[in-house]
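Everything on this sheet refers to the single structure shown next.
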4 protein chains.
Amino acid sequence: MTEIGKRRWAIAEGYIPPGSADPDDPALVSHETACILNTGDEDANVSVTIYCKDREPAGPYRLVVGARRTLHLRFKDLKEPVPRDTDYASVVESDMPIVVQHTRLDCRRSEVALLSTMAFGS
Amino acid sequence: MTEIGKRRWAIAEGYIPPGSADPDDPALVSHETACILNTGDEDANVSVTIYCKDREPAGPYRLVVGARRTLHLRFKDLKEPVPRDTDYASVVESDMPIVVQHTRLDCRRSEVALLSTMAFGS
Amino acid sequence: MTEIGKRRWAIAEGYIPPGSADPDDPALVSHETACILNTGDEDANVSVTIYCKDREPAGPYRLVVGARRTLHLRFKDLKEPVPRDTDYASVVESDMPIVVQHTRLDCRRSEVALLSTMAFGS
Amino acid sequence: MTEIGKRRWAIAEGYIPPGSADPDDPALVSHETACILNTGDEDANVSVTIYCKDREPAGPYRLVVGARRTLHLRFKDLKEPVPRDTDYASVVESDMPIVVQHTRLDCRRSEVALLSTMAFGS
């Protein structure tokens, strides 16, 4: 399929809640995800940069999203995990067009809360 | 009314939670939906392709959204339902301009959680 | 301030949950809202059209959003209220540039759930 | 890094819920945030204007988002805090390109609810 998307995406919101009511279930641990879709026929070389409130950016962290594949990247799985309970933001860059969507699962309480938005592509 | 929208839309996020606290109420079963709006005066021939983490895309699955109609497609109602508890992404293509919005209802716990975002149109 | 926005906005998602756990508190009754912002120095004449799954569109319903004002329109406050527990979509048109954001508050259970997204402007 | 974003952003939704179930935990007090990301190498001079239902706009309130920094602005921290339980909207303007995302945490009940969307940039 023809590629869809942009090569640079920004997510201004970022916050991984501290703790989870049910920490033994990986699916129900509070987390934030950058969902990346590469519809093209070539692998996408992607880099993620983390912006903070009061220090220089961290990264870029590099990863590959295969051709015709999606990768749901948890920010805590970066080489240097994003700390919990801290405001941050992120930029995702790629050498191929991709689509990026941002999602948070908040499990601080016994019930879950969700947010999601398409990132800003340019 | 004049048509509004684009012919290709991408949704990078996709995850249908496993199980529901109240599985006997169809409105309260965890699900994901692609809400499609066709404001034009001709039917839109739509195809949905599902992207996965570690295998080739599935589909395209074909459907029609009538002129001046909206269709809220649950991904579990595709000919080959999207499996639960699995990361995926999707692309919706149409021969007429349409608008696509993505929504999840998470009913794993006794309370519900919601997310929604406009898809990325191109 | 200079005007910001577009003259036509589409919201593909639409669903007002049936019932509320606490129906006596108006702020906690399940509802959907089109939040409209008019930053310009002239009133905006706005019309809202409701699209359905299996019948012709309803409306247009007309309203005015004053210069330099915001109006958070509950869909149940239209002249012909949108029925609950029914899939719908909407288009908001204006003679002046406006910005439209879509929000749902789901109060079926004792806790609340929220979704919101910027509408699609064209 | 090259700058990403736009110089004018609008958020049509705005509502800070009245009260919180757990008012002693600052992280769990109901609030709304404009998350601002400045990826450029110069500080961004930002102004925030608040639009209301039935009176003239308030502000602009001025702040600085440092080069290569993100600032998650709680609307209650403006010089004149946005009142609770009141519909509002906002515009964020900058002399440098920025990205703006809008988030609400609703803690009226014992569980939390979240919404987020990219603002409308122009």
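Chain identifiers are assigned as A, B, and so on, following the order in which chains appear in the structure tokens; residues are numbered from 1 within each chain, and ligands are numbered from 1 in order of appearance.
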I'd like the superposed copy of chain D - fitted to chain B by least squares over all paired Cα atoms - as a tab-separated table (two decimals) with N, CA and C atoms, in the first residue's frame.
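Result file follows (out33.tsv):
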```
chain	number	residue	atom	x	y	z
D	1	MET	N	-25.78	17.64	0.71
D	1	MET	CA	-24.68	18.49	1.22
D	1	MET	C	-23.38	18.12	0.50
D	2	THR	N	-22.52	19.10	0.29
D	2	THR	CA	-21.23	18.79	-0.31
D	2	THR	C	-20.52	17.78	0.58
D	3	GLU	N	-19.69	16.98	-0.05
D	3	GLU	CA	-18.95	15.98	0.71
D	3	GLU	C	-17.94	16.68	1.62
D	4	ILE	N	-17.66	16.04	2.77
D	4	ILE	CA	-16.61	16.51	3.67
D	4	ILE	C	-15.67	15.35	3.91
D	5	GLY	N	-14.38	15.64	3.92
D	5	GLY	CA	-13.46	14.61	4.35
D	5	GLY	C	-12.33	14.30	3.40
D	6	LYS	N	-11.78	13.11	3.60
D	6	LYS	CA	-10.66	12.61	2.83
D	6	LYS	C	-10.97	11.18	2.39
D	7	ARG	N	-10.11	10.65	1.54
D	7	ARG	CA	-10.35	9.29	1.01
D	7	ARG	C	-9.50	8.22	1.72
D	8	ARG	N	-8.50	8.64	2.51
D	8	ARG	CA	-7.66	7.65	3.20
D	8	ARG	C	-7.47	8.12	4.65
D	9	TRP	N	-7.72	7.22	5.56
D	9	TRP	CA	-7.61	7.55	6.98
D	9	TRP	C	-6.83	6.46	7.69
D	10	ALA	N	-5.98	6.86	8.63
D	10	ALA	CA	-5.20	5.88	9.39
D	10	ALA	C	-5.46	6.05	10.88
D	11	ILE	N	-5.54	4.91	11.57
D	11	ILE	CA	-5.67	4.86	13.04
D	11	ILE	C	-4.52	4.02	13.55
D	12	ALA	N	-3.58	4.64	14.24
D	12	ALA	CA	-2.37	3.92	14.64
D	12	ALA	C	-2.60	3.09	15.90
D	13	GLU	N	-3.51	3.53	16.74
D	13	GLU	CA	-3.84	2.80	17.97
D	13	GLU	C	-4.87	1.74	17.66
D	14	GLY	N	-4.82	0.64	18.36
D	14	GLY	CA	-5.84	-0.39	18.24
D	14	GLY	C	-5.60	-1.44	19.30
D	15	TYR	N	-6.61	-1.69	20.13
D	15	TYR	CA	-6.48	-2.68	21.20
D	15	TYR	C	-7.87	-2.91	21.77
D	16	ILE	N	-8.36	-4.12	21.64
D	16	ILE	CA	-9.66	-4.46	22.23
D	16	ILE	C	-9.39	-5.20	23.53
D	17	PRO	N	-9.76	-4.60	24.66
D	17	PRO	CA	-9.45	-5.23	25.94
D	17	PRO	C	-10.09	-6.62	26.04
D	18	PRO	N	-9.41	-7.52	26.74
D	18	PRO	CA	-9.94	-8.88	26.92
D	18	PRO	C	-11.01	-8.87	28.00
D	19	GLY	N	-12.17	-9.36	27.68
D	19	GLY	CA	-13.20	-9.53	28.70
D	19	GLY	C	-13.88	-8.24	29.08
D	20	SER	N	-14.99	-8.38	29.78
D	20	SER	CA	-15.83	-7.27	30.20
D	20	SER	C	-16.46	-7.67	31.51
D	21	ALA	N	-16.67	-6.67	32.38
D	21	ALA	CA	-17.24	-6.98	33.69
D	21	ALA	C	-18.69	-7.42	33.57
D	22	ASP	N	-19.36	-6.94	32.51
D	22	ASP	CA	-20.80	-7.20	32.37
D	22	ASP	C	-21.06	-7.70	30.94
D	23	PRO	N	-20.60	-8.93	30.63
D	23	PRO	CA	-20.58	-9.38	29.23
D	23	PRO	C	-21.96	-9.60	28.63
D	24	ASP	N	-23.02	-9.55	29.44
D	24	ASP	CA	-24.34	-9.82	28.89
D	24	ASP	C	-25.01	-8.58	28.31
D	25	ASP	N	-24.43	-7.42	28.55
D	25	ASP	CA	-25.00	-6.19	28.00
D	25	ASP	C	-24.16	-5.76	26.79
D	26	PRO	N	-24.69	-5.92	25.56
D	26	PRO	CA	-23.88	-5.63	24.37
D	26	PRO	C	-23.32	-4.21	24.37
D	27	ALA	N	-24.05	-3.25	24.92
D	27	ALA	CA	-23.56	-1.87	24.94
D	27	ALA	C	-22.38	-1.72	25.88
D	28	LEU	N	-22.21	-2.67	26.79
D	28	LEU	CA	-21.15	-2.56	27.80
D	28	LEU	C	-20.10	-3.65	27.66
D	29	VAL	N	-19.96	-4.18	26.44
D	29	VAL	CA	-18.85	-5.08	26.15
D	29	VAL	C	-17.71	-4.25	25.58
D	30	SER	N	-16.49	-4.46	26.07
D	30	SER	CA	-15.34	-3.71	25.57
D	30	SER	C	-15.27	-3.81	24.06
D	31	HIS	N	-15.09	-2.68	23.38
D	31	HIS	CA	-15.01	-2.73	21.92
D	31	HIS	C	-14.28	-1.51	21.38
D	32	GLU	N	-13.88	-1.62	20.12
D	32	GLU	CA	-13.34	-0.48	19.39
D	32	GLU	C	-14.16	-0.26	18.14
D	33	THR	N	-14.31	1.02	17.79
D	33	THR	CA	-15.19	1.40	16.70
D	33	THR	C	-14.47	2.37	15.78
D	34	ALA	N	-14.68	2.20	14.47
D	34	ALA	CA	-14.32	3.24	13.50
D	34	ALA	C	-15.64	3.88	13.07
D	35	CYS	N	-15.85	5.13	13.50
D	35	CYS	CA	-17.08	5.83	13.14
D	35	CYS	C	-16.84	6.52	11.80
D	36	ILE	N	-17.66	6.18	10.83
D	36	ILE	CA	-17.47	6.68	9.46
D	36	ILE	C	-18.68	7.53	9.08
D	37	LEU	N	-18.43	8.73	8.57
D	37	LEU	CA	-19.50	9.63	8.15
D	37	LEU	C	-19.35	9.94	6.67
D	38	ASN	N	-20.43	9.72	5.93
D	38	ASN	CA	-20.47	10.04	4.51
D	38	ASN	C	-21.54	11.11	4.30
D	39	THR	N	-21.12	12.37	4.16
D	39	THR	CA	-22.10	13.45	4.01
D	39	THR	C	-22.53	13.63	2.55
D	40	GLY	N	-21.90	12.92	1.63
D	40	GLY	CA	-22.16	13.13	0.21
D	40	GLY	C	-23.44	12.47	-0.29
D	41	ASP	N	-23.74	12.71	-1.53
D	41	ASP	CA	-24.98	12.20	-2.11
D	41	ASP	C	-24.79	10.90	-2.87
D	42	GLU	N	-23.60	10.30	-2.75
D	42	GLU	CA	-23.36	8.98	-3.35
D	42	GLU	C	-22.85	8.03	-2.26
D	43	ASP	N	-23.23	6.76	-2.38
D	43	ASP	CA	-22.72	5.76	-1.45
D	43	ASP	C	-21.19	5.72	-1.53
D	44	ALA	N	-20.56	5.45	-0.41
D	44	ALA	CA	-19.10	5.32	-0.37
D	44	ALA	C	-18.73	3.85	-0.24
D	45	ASN	N	-17.88	3.38	-1.15
D	45	ASN	CA	-17.35	2.02	-1.07
D	45	ASN	C	-16.07	2.08	-0.25
D	46	VAL	N	-16.10	1.43	0.90
D	46	VAL	CA	-15.05	1.57	1.90
D	46	VAL	C	-14.33	0.24	2.07
D	47	SER	N	-13.01	0.30	2.28
D	47	SER	CA	-12.28	-0.91	2.61
D	47	SER	C	-11.43	-0.65	3.86
D	48	VAL	N	-11.38	-1.65	4.72
D	48	VAL	CA	-10.66	-1.55	5.99
D	48	VAL	C	-9.52	-2.56	5.98
D	49	THR	N	-8.30	-2.12	6.26
D	49	THR	CA	-7.15	-3.01	6.35
D	49	THR	C	-6.61	-2.97	7.78
D	50	ILE	N	-6.29	-4.13	8.32
D	50	ILE	CA	-5.81	-4.25	9.69
D	50	ILE	C	-4.30	-4.53	9.68
D	51	TYR	N	-3.54	-3.69	10.38
D	51	TYR	CA	-2.09	-3.87	10.49
D	51	TYR	C	-1.74	-4.47	11.85
D	52	CYS	N	-0.75	-5.35	11.84
D	52	CYS	CA	-0.39	-6.08	13.05
D	52	CYS	C	1.06	-5.82	13.41
D	53	LYS	N	1.45	-6.39	14.54
D	53	LYS	CA	2.81	-6.19	15.03
D	53	LYS	C	3.79	-7.09	14.30
D	54	ASP	N	3.37	-8.32	14.03
D	54	ASP	CA	4.34	-9.31	13.59
D	54	ASP	C	3.85	-10.21	12.46
D	55	ARG	N	2.87	-9.73	11.71
D	55	ARG	CA	2.48	-10.49	10.52
D	55	ARG	C	1.90	-9.53	9.48
D	56	GLU	N	1.69	-10.06	8.28
D	56	GLU	CA	1.20	-9.23	7.18
D	56	GLU	C	-0.21	-8.71	7.48
D	57	PRO	N	-0.57	-7.58	6.86
D	57	PRO	CA	-1.90	-7.01	7.10
D	57	PRO	C	-3.02	-7.98	6.72
D	58	ALA	N	-4.16	-7.82	7.37
D	58	ALA	CA	-5.36	-8.60	7.07
D	58	ALA	C	-6.36	-7.72	6.33
D	59	GLY	N	-7.16	-8.35	5.48
D	59	GLY	CA	-8.12	-7.61	4.69
D	59	GLY	C	-7.59	-7.39	3.29
D	60	PRO	N	-8.12	-6.41	2.55
D	60	PRO	CA	-9.12	-5.44	3.00
D	60	PRO	C	-10.52	-6.04	3.12
D	61	TYR	N	-11.24	-5.52	4.10
D	61	TYR	CA	-12.63	-5.87	4.31
D	61	TYR	C	-13.49	-4.77	3.70
D	62	ARG	N	-14.49	-5.15	2.93
D	62	ARG	CA	-15.25	-4.15	2.19
D	62	ARG	C	-16.63	-3.93	2.80
D	63	LEU	N	-17.06	-2.67	2.75
D	63	LEU	CA	-18.39	-2.33	3.23
D	63	LEU	C	-18.85	-1.06	2.52
D	64	VAL	N	-20.12	-0.73	2.67
D	64	VAL	CA	-20.69	0.44	2.03
D	64	VAL	C	-21.26	1.36	3.10
D	65	VAL	N	-20.93	2.63	3.00
D	65	VAL	CA	-21.57	3.63	3.86
D	65	VAL	C	-22.47	4.47	2.96
D	66	GLY	N	-23.75	4.37	3.19
D	66	GLY	CA	-24.74	5.01	2.31
D	66	GLY	C	-24.59	6.52	2.26
D	67	ALA	N	-25.13	7.08	1.19
D	67	ALA	CA	-25.15	8.54	1.05
D	67	ALA	C	-25.86	9.15	2.25
D	68	ARG	N	-25.28	10.21	2.80
D	68	ARG	CA	-25.88	10.93	3.93
D	68	ARG	C	-26.14	10.01	5.13
D	69	ARG	N	-25.23	9.11	5.38
D	69	ARG	CA	-25.39	8.18	6.49
D	69	ARG	C	-24.08	8.10	7.29
D	70	THR	N	-24.21	7.63	8.53
D	70	THR	CA	-23.03	7.31	9.33
D	70	THR	C	-23.07	5.83	9.68
D	71	LEU	N	-21.90	5.23	9.74
D	71	LEU	CA	-21.79	3.81	10.12
D	71	LEU	C	-20.72	3.72	11.21
D	72	HIS	N	-21.12	3.15	12.35
D	72	HIS	CA	-20.17	2.98	13.45
D	72	HIS	C	-19.75	1.51	13.44
D	73	LEU	N	-18.60	1.26	12.84
D	73	LEU	CA	-18.13	-0.10	12.61
D	73	LEU	C	-17.37	-0.63	13.82
D	74	ARG	N	-17.87	-1.69	14.44
D	74	ARG	CA	-17.10	-2.34	15.50
D	74	ARG	C	-16.10	-3.30	14.84
D	75	PHE	N	-14.85	-3.20	15.24
D	75	PHE	CA	-13.81	-4.02	14.60
D	75	PHE	C	-14.06	-5.51	14.82
D	76	LYS	N	-14.77	-5.85	15.85
D	76	LYS	CA	-15.07	-7.27	16.08
D	76	LYS	C	-16.11	-7.78	15.09
D	77	ASP	N	-16.77	-6.87	14.35
D	77	ASP	CA	-17.79	-7.30	13.39
D	77	ASP	C	-17.24	-7.48	11.99
D	78	LEU	N	-15.93	-7.30	11.81
D	78	LEU	CA	-15.33	-7.58	10.51
D	78	LEU	C	-15.44	-9.07	10.22
D	79	LYS	N	-15.32	-9.41	8.93
D	79	LYS	CA	-15.49	-10.81	8.53
D	79	LYS	C	-14.53	-11.71	9.33
D	80	GLU	N	-13.29	-11.24	9.48
D	80	GLU	CA	-12.36	-11.92	10.38
D	80	GLU	C	-12.16	-10.98	11.56
D	81	PRO	N	-12.82	-11.24	12.69
D	81	PRO	CA	-12.76	-10.29	13.80
D	81	PRO	C	-11.33	-10.06	14.28
D	82	VAL	N	-11.03	-8.83	14.66
D	82	VAL	CA	-9.75	-8.51	15.25
D	82	VAL	C	-9.66	-9.23	16.61
D	83	PRO	N	-8.59	-9.96	16.85
D	83	PRO	CA	-8.49	-10.66	18.14
D	83	PRO	C	-8.37	-9.67	19.31
D	84	ARG	N	-8.87	-10.09	20.45
D	84	ARG	CA	-8.75	-9.28	21.66
D	84	ARG	C	-7.32	-9.33	22.21
D	85	ASP	N	-6.99	-8.33	23.03
D	85	ASP	CA	-5.73	-8.32	23.76
D	85	ASP	C	-4.51	-8.35	22.82
D	86	THR	N	-4.63	-7.71	21.67
D	86	THR	CA	-3.57	-7.72	20.66
D	86	THR	C	-3.43	-6.31	20.08
D	87	ASP	N	-2.19	-5.83	19.96
D	87	ASP	CA	-1.97	-4.52	19.35
D	87	ASP	C	-2.26	-4.58	17.86
D	88	TYR	N	-3.00	-3.61	17.35
D	88	TYR	CA	-3.20	-3.52	15.91
D	88	TYR	C	-3.35	-2.06	15.50
D	89	ALA	N	-3.49	-1.82	14.22
D	89	ALA	CA	-3.74	-0.49	13.67
D	89	ALA	C	-4.62	-0.70	12.45
D	90	SER	N	-5.16	0.37	11.89
D	90	SER	CA	-6.06	0.18	10.76
D	90	SER	C	-5.99	1.34	9.79
D	91	VAL	N	-6.35	1.04	8.54
D	91	VAL	CA	-6.46	2.06	7.51
D	91	VAL	C	-7.84	1.91	6.87
D	92	VAL	N	-8.52	3.02	6.70
D	92	VAL	CA	-9.85	3.03	6.09
D	92	VAL	C	-9.75	3.83	4.79
D	93	GLU	N	-10.08	3.18	3.67
D	93	GLU	CA	-10.01	3.84	2.37
D	93	GLU	C	-11.39	3.87	1.75
D	94	SER	N	-11.65	4.88	0.94
D	94	SER	CA	-12.98	5.08	0.37
D	94	SER	C	-12.86	5.69	-1.02
D	95	ASP	N	-13.85	5.40	-1.86
D	95	ASP	CA	-13.85	6.03	-3.18
D	95	ASP	C	-14.53	7.41	-3.15
D	96	MET	N	-15.09	7.78	-1.99
D	96	MET	CA	-15.70	9.09	-1.82
D	96	MET	C	-15.14	9.72	-0.54
D	97	PRO	N	-15.16	11.05	-0.43
D	97	PRO	CA	-14.67	11.65	0.81
D	97	PRO	C	-15.53	11.22	2.00
D	98	ILE	N	-14.87	10.84	3.07
D	98	ILE	CA	-15.54	10.46	4.32
D	98	ILE	C	-14.76	11.05	5.49
D	99	VAL	N	-15.34	10.96	6.68
D	99	VAL	CA	-14.65	11.35	7.90
D	99	VAL	C	-14.63	10.15	8.83
D	100	VAL	N	-13.48	9.89	9.48
D	100	VAL	CA	-13.32	8.71	10.32
D	100	VAL	C	-12.84	9.10	11.71
D	101	GLN	N	-13.50	8.60	12.72
D	101	GLN	CA	-13.14	8.85	14.11
D	101	GLN	C	-13.03	7.52	14.83
D	102	HIS	N	-12.06	7.39	15.72
D	102	HIS	CA	-11.76	6.13	16.39
D	102	HIS	C	-12.14	6.22	17.87
D	103	THR	N	-12.87	5.21	18.36
D	103	THR	CA	-13.31	5.21	19.76
D	103	THR	C	-13.12	3.84	20.38
D	104	ARG	N	-12.72	3.82	21.63
D	104	ARG	CA	-12.65	2.57	22.41
D	104	ARG	C	-13.49	2.71	23.67
D	105	LEU	N	-14.23	1.64	23.97
D	105	LEU	CA	-14.90	1.53	25.25
D	105	LEU	C	-14.23	0.39	25.99
D	106	ASP	N	-13.69	0.69	27.16
D	106	ASP	CA	-12.98	-0.32	27.94
D	106	ASP	C	-13.84	-0.67	29.15
D	107	CYS	N	-14.33	-1.92	29.19
D	107	CYS	CA	-15.23	-2.37	30.26
D	107	CYS	C	-14.62	-3.52	31.05
D	108	ARG	N	-13.30	-3.54	31.12
D	108	ARG	CA	-12.70	-4.63	31.87
D	108	ARG	C	-13.10	-4.58	33.34
D	109	ARG	N	-13.19	-3.37	33.85
D	109	ARG	CA	-13.56	-3.20	35.23
D	109	ARG	C	-15.05	-2.85	35.30
D	110	SER	N	-15.58	-2.68	36.49
D	110	SER	CA	-17.03	-2.46	36.62
D	110	SER	C	-17.40	-1.08	36.09
D	111	GLU	N	-16.48	-0.14	36.10
D	111	GLU	CA	-16.73	1.18	35.52
D	111	GLU	C	-16.18	1.19	34.10
D	112	VAL	N	-16.62	2.14	33.29
D	112	VAL	CA	-16.16	2.18	31.90
D	112	VAL	C	-15.09	3.27	31.72
D	113	ALA	N	-14.24	3.07	30.73
D	113	ALA	CA	-13.27	4.09	30.30
D	113	ALA	C	-13.42	4.28	28.80
D	114	LEU	N	-13.17	5.49	28.34
D	114	LEU	CA	-13.38	5.85	26.95
D	114	LEU	C	-12.17	6.57	26.39
D	115	LEU	N	-11.89	6.34	25.11
D	115	LEU	CA	-10.97	7.20	24.39
D	115	LEU	C	-11.55	7.43	23.00
D	116	SER	N	-11.20	8.58	22.41
D	116	SER	CA	-11.62	8.86	21.05
D	116	SER	C	-10.68	9.88	20.43
D	117	THR	N	-10.46	9.75	19.14
D	117	THR	CA	-9.72	10.77	18.40
D	117	THR	C	-10.12	10.71	16.93
D	118	MET	N	-10.05	11.86	16.30
D	118	MET	CA	-10.21	11.87	14.85
D	118	MET	C	-9.04	11.07	14.28
D	119	ALA	N	-9.29	10.26	13.26
D	119	ALA	CA	-8.21	9.54	12.59
D	119	ALA	C	-7.35	10.54	11.80
D	120	PHE	N	-6.23	10.04	11.25
D	120	PHE	CA	-5.37	10.90	10.43
D	120	PHE	C	-5.80	10.76	8.98
D	121	GLY	N	-6.28	11.84	8.39
D	121	GLY	CA	-6.75	11.80	7.01
D	121	GLY	C	-5.72	12.32	6.02
D	122	SER	N	-5.68	11.67	4.87
D	122	SER	CA	-4.72	12.16	3.86
D	122	SER	C	-5.29	11.95	2.46
```
